[in-house]
>>> print(open('entry-v8.txt').read())   # compact mmCIF, C-alpha atoms
# COMPACT_ATOMS: atom_id res chain seq x y z
CA MET O 17 -75.02 33.75 -32.31
CA ASP O 18 -73.29 30.97 -30.59
CA ASP O 19 -71.79 31.65 -27.26
CA LYS O 20 -68.22 30.29 -26.80
CA PRO O 21 -66.74 29.44 -23.52
CA LEU O 22 -64.44 32.10 -22.20
CA ASP O 23 -61.61 29.61 -21.90
CA ASP O 24 -61.53 29.17 -25.66
CA LEU O 25 -60.88 32.84 -26.38
CA PRO O 26 -57.25 33.76 -27.27
CA GLU O 27 -55.33 35.61 -24.62
CA LYS O 28 -54.46 39.23 -25.42
CA GLU O 29 -50.82 40.28 -24.83
CA PRO O 30 -50.45 43.01 -22.29
CA ASP O 31 -49.70 46.45 -23.77
CA SER O 32 -46.64 46.79 -21.42
CA ILE O 33 -44.72 43.88 -23.08
CA GLN O 34 -42.67 45.01 -26.15
CA LYS O 35 -41.23 42.82 -28.84
CA PRO O 36 -37.37 42.56 -28.90
CA THR O 37 -35.61 44.72 -31.51
CA ILE O 38 -33.49 43.34 -34.33
CA PHE O 39 -30.26 44.44 -32.50
CA GLN O 40 -31.41 42.66 -29.35
CA ARG O 41 -32.28 39.49 -31.22
CA LEU O 42 -28.91 39.65 -33.06
CA THR O 43 -27.05 40.13 -29.79
CA ALA O 44 -28.93 37.26 -28.17
CA GLY O 45 -28.17 35.00 -31.11
CA LEU O 46 -24.44 35.85 -31.03
CA THR O 47 -24.38 35.25 -27.31
CA ARG O 48 -25.96 31.82 -27.70
CA MET O 49 -23.25 30.99 -30.27
CA GLY O 50 -20.50 32.19 -27.92
CA LEU O 51 -19.59 35.20 -30.16
CA GLY O 52 -20.97 37.97 -28.00
CA GLU O 53 -17.63 39.14 -26.51
CA ILE O 54 -15.90 39.11 -29.92
CA ALA O 55 -18.71 41.14 -31.48
CA LEU O 56 -18.53 43.67 -28.64
CA ARG O 57 -14.78 44.17 -29.15
CA PHE O 58 -15.22 44.60 -32.89
CA VAL O 59 -17.89 47.24 -32.47
CA THR O 60 -15.80 49.08 -29.85
CA ASN O 61 -12.70 49.17 -32.06
CA PHE O 62 -14.73 50.29 -35.06
CA LEU O 63 -16.26 53.19 -33.15
CA SER O 64 -12.82 54.22 -31.81
CA MET O 65 -11.31 54.33 -35.32
CA LEU O 66 -14.31 56.29 -36.57
CA LEU O 67 -13.81 58.83 -33.81
CA ILE O 68 -10.09 59.23 -34.60
CA PHE O 69 -10.71 59.78 -38.32
CA SER O 70 -13.39 62.31 -37.46
CA VAL O 71 -11.01 64.31 -35.24
CA VAL O 72 -8.27 64.28 -37.92
CA TRP O 73 -10.68 65.48 -40.58
CA LEU O 74 -11.96 68.22 -38.30
CA MET O 75 -8.42 69.46 -37.49
CA GLN O 76 -7.51 69.63 -41.20
CA TYR O 77 -10.69 71.58 -41.88
CA LEU O 78 -9.94 74.06 -39.10
CA PHE O 79 -6.28 74.59 -40.18
CA ARG O 80 -7.33 75.22 -43.78
CA GLY O 81 -9.65 77.89 -42.49
CA MET O 82 -6.74 79.64 -40.75
CA VAL O 83 -4.96 80.40 -44.06
CA SER O 84 -5.31 84.02 -45.15
CA PRO O 85 -8.03 84.42 -47.86
CA GLY O 86 -5.85 86.92 -49.63
CA ALA O 87 -3.14 84.39 -50.01
CA GLN O 88 -5.58 81.89 -51.52
CA GLU O 89 -6.91 84.41 -54.01
CA ASP O 90 -3.43 85.73 -54.99
CA PRO O 91 -2.61 84.44 -58.52
CA ALA O 92 0.94 83.88 -57.34
CA PHE O 93 -0.36 80.96 -55.27
CA ALA O 94 -2.31 79.37 -58.12
CA GLY O 95 -1.49 75.72 -58.58
CA THR O 96 0.65 75.58 -55.42
CA ALA O 97 -0.07 74.27 -51.99
CA ALA O 98 -0.80 76.77 -49.29
CA PRO O 99 2.16 77.48 -46.99
CA ALA O 100 2.09 75.70 -43.68
CA PRO O 101 0.99 77.93 -40.83
CA GLU O 102 3.37 78.82 -38.04
CA ILE O 103 2.63 79.01 -34.34
CA LEU O 104 4.66 81.79 -32.71
CA LEU O 105 5.86 80.68 -29.29
CA GLN O 106 7.46 84.04 -28.60
CA PRO O 107 6.83 86.76 -31.21
CA GLY O 108 9.94 87.79 -33.07
CA LEU O 109 12.14 85.08 -31.54
CA ILE O 110 10.99 81.50 -32.06
CA SER O 111 8.58 79.92 -34.54
CA VAL O 112 7.62 76.31 -35.02
CA SER O 113 6.41 75.01 -38.39
CA LEU O 114 3.54 72.56 -38.23
CA ASP O 115 4.80 70.52 -41.15
CA GLY O 116 8.30 69.45 -42.17
CA ILE O 117 10.73 67.21 -40.34
CA ALA O 118 11.64 68.08 -36.78
CA ARG O 119 15.22 67.60 -35.56
CA GLN O 120 15.40 65.06 -32.79
CA ALA O 121 17.29 66.06 -29.67
CA SER O 122 20.23 63.82 -28.79
CA ILE O 123 21.64 63.73 -25.26
CA HIS O 124 24.71 61.79 -26.47
CA THR O 125 26.93 64.13 -28.43
CA THR O 126 29.94 62.58 -30.13
CA ILE O 127 33.04 64.71 -29.60
CA PRO O 128 36.05 63.88 -31.77
CA SER O 129 38.86 62.53 -29.61
CA ARG O 130 41.88 64.81 -29.42
CA PRO O 131 45.42 63.51 -29.09
CA ARG O 132 46.95 63.90 -25.65
CA ILE O 133 49.79 66.45 -25.53
CA ASP O 134 50.80 66.51 -21.86
CA VAL O 135 52.64 64.04 -19.66
CA ILE O 136 50.39 62.19 -17.22
CA GLN O 137 51.15 60.09 -14.14
CA TYR O 138 50.50 56.37 -13.71
CA THR O 139 50.80 54.35 -10.52
CA VAL O 140 52.26 50.89 -11.08
CA GLN O 141 49.89 48.07 -10.11
CA ILE O 142 50.65 44.51 -9.02
CA GLY O 143 51.28 42.42 -12.13
CA ASP O 144 52.32 45.37 -14.31
CA SER O 145 55.29 45.15 -16.65
CA VAL O 146 56.99 47.66 -18.92
CA PHE O 147 55.41 45.82 -21.86
CA GLY O 148 51.91 45.95 -20.36
CA ILE O 149 52.09 49.62 -19.41
CA ALA O 150 53.37 50.52 -22.87
CA GLU O 151 50.52 48.62 -24.51
CA LYS O 152 47.97 50.27 -22.21
CA PHE O 153 48.99 53.72 -23.43
CA ASN O 154 49.82 52.72 -27.02
CA LEU O 155 53.51 53.51 -26.64
CA ASN O 156 56.76 51.68 -27.32
CA PRO O 157 58.24 49.96 -24.23
CA SER O 158 61.41 52.02 -24.64
CA THR O 159 59.36 55.21 -24.17
CA ILE O 160 58.35 54.03 -20.68
CA LEU O 161 62.03 53.62 -19.78
CA PHE O 162 63.10 56.88 -21.47
CA GLY O 163 60.43 58.81 -19.58
CA ASN O 164 61.38 57.44 -16.16
CA TYR O 165 65.14 57.17 -15.92
CA ASP O 166 65.25 58.51 -12.35
CA THR O 167 62.93 55.67 -11.28
CA LEU O 168 63.86 52.73 -13.51
CA LYS O 169 67.48 53.53 -14.48
CA ASP O 170 66.80 51.87 -17.87
CA ASN O 171 66.27 48.59 -16.01
CA PRO O 172 62.81 46.97 -16.46
CA HIS O 173 63.45 44.79 -13.37
CA LEU O 174 63.29 47.89 -11.17
CA LEU O 175 59.56 48.28 -11.88
CA LYS O 176 57.60 47.85 -8.63
CA PRO O 177 54.00 48.41 -7.46
CA GLU O 178 53.13 51.88 -6.17
CA GLN O 179 55.83 53.59 -8.25
CA VAL O 180 54.54 56.69 -10.03
CA LEU O 181 55.64 56.82 -13.66
CA ASN O 182 55.62 59.57 -16.25
CA ILE O 183 53.59 58.58 -19.32
CA LEU O 184 54.61 60.59 -22.36
CA PRO O 185 51.89 61.54 -24.88
CA VAL O 186 53.97 60.30 -27.83
CA ASP O 187 56.86 57.96 -28.40
CA GLY O 188 60.16 59.63 -27.65
CA THR O 189 62.31 60.68 -24.73
CA TYR O 190 61.99 63.03 -21.77
CA HIS O 191 64.75 65.51 -20.94
CA GLN O 192 65.18 68.04 -18.16
CA TRP O 193 66.64 71.31 -19.39
CA VAL O 194 69.79 72.19 -17.42
CA GLY O 195 70.04 75.80 -18.52
CA GLY O 196 72.77 78.25 -17.63
CA GLY O 197 74.46 77.81 -20.99
CA ALA O 198 75.39 74.19 -20.22
CA GLU O 199 73.45 72.86 -23.21
CA SER O 200 71.69 74.00 -26.38
CA LEU O 201 68.58 72.92 -28.23
CA SER O 202 70.75 72.19 -31.24
CA GLY O 203 72.90 69.85 -29.15
CA ILE O 204 69.88 68.13 -27.61
CA GLY O 205 68.36 67.65 -31.05
CA THR O 206 71.57 66.07 -32.32
CA TYR O 207 71.89 63.77 -29.29
CA PHE O 208 68.32 62.49 -29.54
CA GLY O 209 68.20 62.55 -33.35
CA VAL O 210 65.44 65.15 -33.61
CA ASP O 211 65.17 68.54 -35.30
CA PRO O 212 65.15 71.14 -32.47
CA GLU O 213 62.24 72.88 -34.16
CA ILE O 214 60.10 69.81 -33.45
CA ILE O 215 60.91 70.15 -29.74
CA VAL O 216 60.00 73.84 -29.65
CA ASN O 217 56.78 73.45 -31.63
CA PHE O 218 55.44 70.41 -29.78
CA PRO O 219 52.30 71.72 -27.93
CA GLY O 220 53.01 69.70 -24.80
CA ASN O 221 56.23 71.65 -24.16
CA HIS O 222 54.30 74.94 -23.96
CA LEU O 223 57.17 76.92 -25.48
CA ASP O 224 56.84 80.21 -27.32
CA PRO O 225 59.23 80.12 -30.32
CA GLU O 226 59.75 83.89 -30.11
CA THR O 227 60.66 83.66 -26.43
CA VAL O 228 62.95 80.67 -26.95
CA GLY O 229 64.99 82.57 -29.51
CA ASP O 230 68.26 81.18 -30.82
CA TYR O 231 68.50 77.39 -30.60
CA ASP O 232 72.17 77.62 -29.63
CA ASN O 233 71.36 79.93 -26.72
CA ALA O 234 67.72 79.13 -26.00
CA SER O 235 65.83 81.01 -23.32
CA ILE O 236 64.20 78.16 -21.37
CA PRO O 237 63.91 78.14 -17.57
CA ALA O 238 66.31 75.72 -15.91
CA GLY O 239 64.61 72.55 -14.70
CA THR O 240 61.98 72.56 -17.48
CA TRP O 241 61.09 69.05 -18.64
CA LEU O 242 60.97 68.72 -22.41
CA ILE O 243 59.17 66.05 -24.41
CA ILE O 244 61.37 64.98 -27.33
CA PRO O 245 58.91 63.51 -29.90
CA GLY O 246 60.57 60.64 -31.77
CA GLY O 247 63.76 61.01 -29.74
CA LYS O 248 66.00 58.01 -29.09
CA ARG O 249 69.17 57.36 -27.15
CA ASP O 250 71.32 54.44 -26.09
CA PHE O 251 70.28 52.66 -22.94
CA THR O 252 72.48 53.00 -19.90
CA SER O 253 74.24 49.64 -19.70
CA TRP O 254 73.22 47.92 -16.44
CA TYR O 255 74.03 44.48 -17.75
CA ALA O 256 77.33 42.70 -18.25
CA PRO O 257 79.65 43.55 -21.13
CA ILE O 258 80.81 40.78 -23.45
CA GLY O 259 83.98 38.94 -22.50
CA VAL O 260 86.96 38.25 -24.74
CA THR O 261 87.91 35.23 -26.78
CA ARG O 262 89.61 32.23 -25.14
CA SER O 263 92.63 32.63 -27.45
CA SER O 264 93.73 35.02 -24.73
CA PRO O 265 92.91 34.53 -21.03
CA ALA O 266 89.16 34.36 -20.43
CA THR O 267 87.88 37.45 -18.65
CA THR O 268 84.72 39.41 -17.96
CA ARG O 269 84.40 43.14 -17.40
CA VAL O 270 81.44 42.82 -15.04
CA LEU O 271 81.99 44.82 -11.86
CA GLY O 272 81.46 43.35 -8.43
CA LEU O 273 82.91 41.18 -5.70
CA GLY O 274 82.56 38.06 -7.84
CA ALA O 275 84.89 39.20 -10.64
CA CYS O 276 87.63 36.63 -11.27
CA GLY O 277 90.14 38.47 -13.41
CA ALA O 278 92.00 36.68 -16.22
CA ILE O 279 91.55 32.90 -16.35
CA SER O 280 93.89 30.75 -18.45
CA GLY O 281 92.98 27.29 -19.67
CA GLY O 282 89.90 25.40 -18.60
CA SER O 283 87.21 23.44 -20.37
CA VAL O 284 85.89 24.43 -23.79
CA GLY O 285 82.26 23.95 -24.74
CA TYR O 286 80.60 22.12 -27.63
CA GLY O 287 78.81 25.16 -29.06
CA THR O 288 75.39 23.64 -28.35
CA PHE O 289 73.26 24.48 -25.32
CA ILE O 290 70.79 22.86 -22.92
CA TRP O 291 68.21 24.31 -20.55
CA PRO O 292 69.95 25.28 -17.29
CA THR O 293 66.87 24.70 -15.10
CA PRO O 294 64.40 21.84 -14.60
CA LYS O 295 61.48 24.08 -15.62
CA HIS O 296 61.33 25.42 -19.17
CA TYR O 297 58.95 28.38 -19.17
CA ILE O 298 59.27 32.16 -19.20
CA SER O 299 58.27 33.96 -16.02
CA GLY O 300 58.80 37.69 -16.34
CA TYR O 301 60.48 39.32 -19.30
CA GLN O 302 61.23 37.87 -22.69
CA TYR O 303 64.31 38.78 -24.69
CA SER O 304 63.68 42.43 -25.59
CA PRO O 305 66.44 44.88 -26.55
CA ASP O 306 63.70 47.51 -26.85
CA THR O 307 63.24 47.36 -23.07
CA ASN O 308 66.95 46.96 -22.36
CA HIS O 309 66.43 43.30 -21.44
CA PRO O 310 68.78 41.18 -23.60
CA ALA O 311 67.89 38.02 -21.68
CA ILE O 312 65.07 35.65 -20.78
CA ASP O 313 63.61 35.11 -17.32
CA ILE O 314 63.08 31.40 -16.68
CA GLY O 315 60.53 30.52 -14.02
CA GLY O 316 61.10 28.14 -11.15
CA ASN O 317 61.04 27.66 -7.42
CA LEU O 318 63.46 29.03 -4.89
CA GLY O 319 66.36 26.58 -4.61
CA ASP O 320 65.87 24.84 -7.98
CA ALA O 321 69.09 23.55 -9.51
CA VAL O 322 70.89 25.75 -12.04
CA ALA O 323 73.30 23.95 -14.40
CA ALA O 324 75.82 25.12 -17.00
CA MET O 325 74.31 25.42 -20.48
CA ASP O 326 77.57 24.17 -21.99
CA ALA O 327 81.02 23.20 -20.78
CA GLY O 328 83.45 25.98 -19.91
CA VAL O 329 85.32 27.81 -17.18
CA ILE O 330 83.95 30.09 -14.44
CA VAL O 331 84.97 33.75 -14.96
CA TYR O 332 82.56 35.35 -12.45
CA ALA O 333 81.22 33.81 -9.24
CA GLY O 334 79.66 35.89 -6.46
CA TRP O 335 77.83 39.11 -5.69
CA ASN O 336 77.29 41.70 -8.39
CA ASP O 337 76.89 45.45 -7.96
CA TRP O 338 74.81 45.98 -11.11
CA GLY O 339 71.55 44.53 -9.82
CA TYR O 340 72.20 40.91 -10.78
CA GLY O 341 72.54 39.79 -7.17
CA ASN O 342 74.44 36.50 -6.94
CA LEU O 343 75.90 35.94 -10.39
CA ILE O 344 77.80 33.29 -12.35
CA ILE O 345 79.36 33.73 -15.80
CA VAL O 346 80.70 30.75 -17.72
CA ASP O 347 83.14 31.29 -20.59
CA HIS O 348 82.67 28.47 -23.12
CA GLY O 349 85.74 29.34 -25.21
CA ASP O 350 86.16 28.98 -28.97
CA THR O 351 83.57 26.31 -29.72
CA ALA O 352 82.52 24.88 -33.07
CA THR O 353 79.87 27.60 -33.35
CA GLY O 354 81.91 30.55 -32.08
CA SER O 355 83.09 32.09 -28.83
CA TRP O 356 80.33 32.12 -26.18
CA GLN O 357 79.64 33.17 -22.61
CA SER O 358 76.50 32.45 -20.57
CA LEU O 359 75.30 34.49 -17.59
CA TYR O 360 73.11 33.28 -14.67
CA ALA O 361 71.72 35.99 -12.36
CA HIS O 362 69.62 36.44 -9.17
CA LEU O 363 70.91 33.13 -7.77
CA ASP O 364 70.09 32.07 -4.24
CA ALA O 365 73.49 30.36 -3.94
CA VAL O 366 76.73 30.16 -5.94
CA LEU O 367 78.23 26.64 -5.90
CA VAL O 368 81.35 27.21 -8.04
CA SER O 369 84.47 29.33 -7.77
CA CYS O 370 86.67 31.37 -10.09
CA GLY O 371 88.68 29.41 -12.65
CA GLN O 372 86.76 26.18 -12.05
CA SER O 373 86.04 24.07 -15.13
CA VAL O 374 82.48 22.79 -15.46
CA GLY O 375 80.83 20.32 -17.80
CA GLN O 376 77.59 20.77 -19.70
CA GLY O 377 74.69 20.17 -17.30
CA GLU O 378 76.89 20.38 -14.19
CA LEU O 379 75.33 22.02 -11.11
CA ILE O 380 76.69 25.55 -10.61
CA GLY O 381 74.10 27.32 -8.40
CA LEU O 382 70.58 27.52 -6.99
CA LEU O 383 67.71 29.55 -8.44
CA GLY O 384 66.84 32.61 -6.33
CA SER O 385 65.62 36.21 -6.20
CA THR O 386 68.66 38.28 -5.19
CA GLY O 387 69.52 41.72 -6.54
CA ASN O 388 66.90 43.63 -8.53
CA SER O 389 64.35 40.84 -8.66
CA SER O 390 60.64 40.72 -7.92
CA GLY O 391 60.46 36.95 -7.39
CA PRO O 392 62.31 33.66 -7.91
CA HIS O 393 63.53 33.23 -11.49
CA LEU O 394 66.72 32.77 -13.48
CA HIS O 395 67.86 35.74 -15.55
CA LEU O 396 69.74 34.05 -18.41
CA GLU O 397 71.93 35.82 -20.98
CA LEU O 398 73.80 34.25 -23.89
CA MET O 399 76.64 36.26 -25.44
CA ASN O 400 78.51 35.69 -28.69
CA LEU O 401 81.78 37.50 -29.27
CA GLU O 402 80.86 38.29 -32.89
CA TYR O 403 77.13 39.01 -32.66
CA GLY O 404 76.76 40.29 -29.11
CA LYS O 405 73.87 39.30 -26.84
CA VAL O 406 71.40 37.00 -28.53
CA ASN O 407 68.04 35.48 -27.65
CA PRO O 408 68.78 32.26 -25.72
CA LEU O 409 65.52 30.75 -26.94
CA ASN O 410 66.95 30.68 -30.45
CA PHE O 411 69.73 28.33 -29.25
CA LEU O 412 67.92 26.15 -26.71
CA PRO O 413 65.99 22.99 -27.59
CA PRO O 414 62.20 23.29 -27.64
CA PRO O 415 60.79 23.26 -24.10
>>> encode(input="entry-v8.txt", output="structure tokens")
Amino acid sequence: MDDKPLDDLPEKEPDSIQKPTIFQRLTAGLTRMGLGEIALRFVTNFLSMLLIFSVVWLMQYLFRGMVSPGAQEDPAFAGTAAPAPEILLQPGLISVSLDGIARQASIHTTIPSRPRIDVIQYTVQIGDSVFGIAEKFNLNPSTILFGNYDTLKDNPHLLKPEQVLNILPVDGTYHQWVGGGAESLSGIGTYFGVDPEIIVNFPGNHLDPETVGDYDNASIPAGTWLIIPGGKRDFTSWYAPIGVTRSSPATTRVLGLGACGAISGGSVGYGTFIWPTPKHYISGYQYSPDTNHPAIDIGGNLGDAVAAMDAGVIVYAGWNDWGYGNLIIVDHGDTATGSWQSLYAHLDAVLVSCGQSVGQGELIGLLGSTGNSSGPHLHLELMNLEYGKVNPLNFLPPP
């Protein structure tokens, strides 16, 4: 037997060194390729899903075991699904079904809006107008005036900040019951054009029909304020009445220190009109009979020139007691388009005198803020003997 050198013998692997498993070799290979982290996430997600499905299956198995055996064996249940079990939270009072659709709780409950029936109070803010307040409460502008006669006297120019107004719940009028046999519900209904039964039955008046009794001798405490739904009345006239034709002496029935009396003769107009101020924009109220404002308010600066819209004769020149302040009225006579008068109110200065003839465009005064006025403007009215007070904008050239 040949002896071999010991160095030529193969080395024997130590028993303590183990060969890597297939999983370890796979993991090492994925790591070398840069896919180790992705593989780890995949395996983790897979195991999580497997655990969830296992729990669901186990719960279904347990719940099926809770169903009464007698119910499963009863022929009446053949071919039908077993009823869902109930968990009693408080025996005899509340039970919760484990299947079916649960009602979701809602913290926002929609409550149908109810119409307002009572009068509320509103404090006038800077910049408010009768139109704006009416729109805010979805009412007609006339209702704001009808509900606040003691404050506004049917005059929208008397509206001022900090005033407290009555806001009716519906369009109509507001009337304080005098009592003592001085009036009747029948009479009030006739005056405002409303069936008295509507007044009695309106919830906001809080009247008991049986207590009220006879409409001609109604039992209502004196001083009671009544809402008259749909009621209307004529406005109290705070503005100037229409003058008379020039075929007789020109006059005006406006009261005040500036009244001229009868004026004979004088210039006659053309029947066409020009803007009386250098600025041609509305600042304040438009022409609105519904708010007792049969005029336009023309904006301008204090002291701006005010000219005659057409030729004519002065029939009013001076202070007015009706809220106009310094006032001028020009009678234009029987023109080609009819008999006209024009009115210029709230003037800072009056530059003409009674009976004076003026030409179209001639200076007659200065724009101001006298009388019931909240700022410099020209209150302009145009009156026709046949048609009454008309919208001046319909007769002025485009601005």
>>> atom_distance(input="entry-v8.txt", atom1="CA of Leu363 in chain O", atom2="CA of His393 in chain O")
8.3 Å
>>> atom_distance(input="entry-v8.txt", atom1="CA of His395 in chain O", atom2="CA of Phe289 in chain O")
15.9 Å
>>> residues_around(input="entry-v8.txt", residues="range 235-252 of chain O", least_positions_apart="4", cutoff="8 Å", atoms="all atoms listed in the file", output="list of chain:residue names")
O:Lys169, O:Asp170, O:Leu184, O:Val186, O:Asp187, O:Gly188, O:Thr189, O:Tyr190, O:His191, O:Gln192, O:Trp193, O:Val194, O:Gly195, O:Gly196, O:Tyr207, O:Phe208, O:Gly209, O:Val210, O:Ile214, O:Ile215, O:Phe218, O:Gly220, O:Asn221, O:Thr227, O:Val228, O:Gly229, O:Asp230, O:Asn308
>>> atom_distance(input="entry-v8.txt", atom1="CA of Asn317 in chain O", atom2="CA of Asp347 in chain O")
26.0 Å
>>> residues_around(input="entry-v8.txt", residues="Val374 in chain O", least_positions_apart="3", cutoff="9 Å", atoms="only C-alpha atoms", output="ChimeraX atom specification")
/O:282-283,324,326-330,346,368,377-380
>>> closest_residue(input="entry-v8.txt", among="O:Asn233, O:Ser145, O:Asn164, O:Gln137", to="Glu199 in chain O", atoms="only C-alpha atoms")
O:Asn233
>>> residues_around(input="entry-v8.txt", residues="Leu409 in chain O", least_positions_apart="4", cutoff="10 Å", atoms="all atoms listed in the file", output="MDAnalysis selection string")
chainID O and resid 291 302:303 311:312 398 413:415
>>> residues_around(input="entry-v8.txt", residues="Ile344 in chain O", least_positions_apart="2", cutoff="12 Å", atoms="only C-alpha atoms", output="short mmCIF file (atom, residue, chain, number, x, y, z; two decimals) with C-alpha atoms, in the coordinates of the input")
data_model
loop_
_atom_site.label_atom_id
_atom_site.label_comp_id
_atom_site.auth_asym_id
_atom_site.auth_seq_id
_atom_site.Cartn_x
_atom_site.Cartn_y
_atom_site.Cartn_z
CA ALA O 256 77.33 42.70 -18.25
CA THR O 268 84.72 39.41 -17.96
CA VAL O 270 81.44 42.82 -15.04
CA GLY O 272 81.46 43.35 -8.43
CA LEU O 273 82.91 41.18 -5.70
CA GLY O 274 82.56 38.06 -7.84
CA ALA O 275 84.89 39.20 -10.64
CA CYS O 276 87.63 36.63 -11.27
CA VAL O 322 70.89 25.75 -12.04
CA ALA O 323 73.30 23.95 -14.40
CA ALA O 324 75.82 25.12 -17.00
CA MET O 325 74.31 25.42 -20.48
CA GLY O 328 83.45 25.98 -19.91
CA VAL O 329 85.32 27.81 -17.18
CA ILE O 330 83.95 30.09 -14.44
CA VAL O 331 84.97 33.75 -14.96
CA TYR O 332 82.56 35.35 -12.45
CA ALA O 333 81.22 33.81 -9.24
CA GLY O 334 79.66 35.89 -6.46
CA TRP O 335 77.83 39.11 -5.69
CA ASN O 336 77.29 41.70 -8.39
CA TYR O 340 72.20 40.91 -10.78
CA GLY O 341 72.54 39.79 -7.17
CA ASN O 342 74.44 36.50 -6.94
CA VAL O 346 80.70 30.75 -17.72
CA ASP O 347 83.14 31.29 -20.59
CA GLN O 357 79.64 33.17 -22.61
CA SER O 358 76.50 32.45 -20.57
CA LEU O 359 75.30 34.49 -17.59
CA TYR O 360 73.11 33.28 -14.67
CA ALA O 361 71.72 35.99 -12.36
CA HIS O 362 69.62 36.44 -9.17
CA LEU O 363 70.91 33.13 -7.77
CA ASP O 364 70.09 32.07 -4.24
CA ALA O 365 73.49 30.36 -3.94
CA VAL O 366 76.73 30.16 -5.94
CA LEU O 367 78.23 26.64 -5.90
CA VAL O 368 81.35 27.21 -8.04
CA SER O 369 84.47 29.33 -7.77
CA CYS O 370 86.67 31.37 -10.09
CA GLY O 371 88.68 29.41 -12.65
CA GLN O 372 86.76 26.18 -12.05
CA VAL O 374 82.48 22.79 -15.46
CA LEU O 379 75.33 22.02 -11.11
CA ILE O 380 76.69 25.55 -10.61
CA GLY O 381 74.10 27.32 -8.40
CA LEU O 382 70.58 27.52 -6.99
CA LEU O 383 67.71 29.55 -8.44
CA LEU O 394 66.72 32.77 -13.48
CA HIS O 395 67.86 35.74 -15.55
CA LEU O 396 69.74 34.05 -18.41
CA GLU O 397 71.93 35.82 -20.98
#
>>> residues_around(input="entry-v8.txt", residues="Pro219 in chain O", least_positions_apart="6", cutoff="10 Å", atoms="only C-alpha atoms", output="PyMOL selection string")
chain O and resi 132-134+243
>>> closest_residue(input="entry-v8.txt", among="O:Ala321, O:Trp338, O:Ser280, O:Leu181", to="Phe162 in chain O", atoms="all atoms listed in the file")
O:Leu181
>>> closest_residue(input="entry-v8.txt", among="O:Asn410, O:Gln141, O:Thr159, O:Asn388", to="Thr307 in chain O", atoms="all atoms listed in the file")
O:Thr159
>>> closest_residue(input="entry-v8.txt", among="O:Gln179, O:Ser158, O:Asn61, O:Ser70", to="Asp144 in chain O", atoms="all atoms listed in the file")
O:Gln179
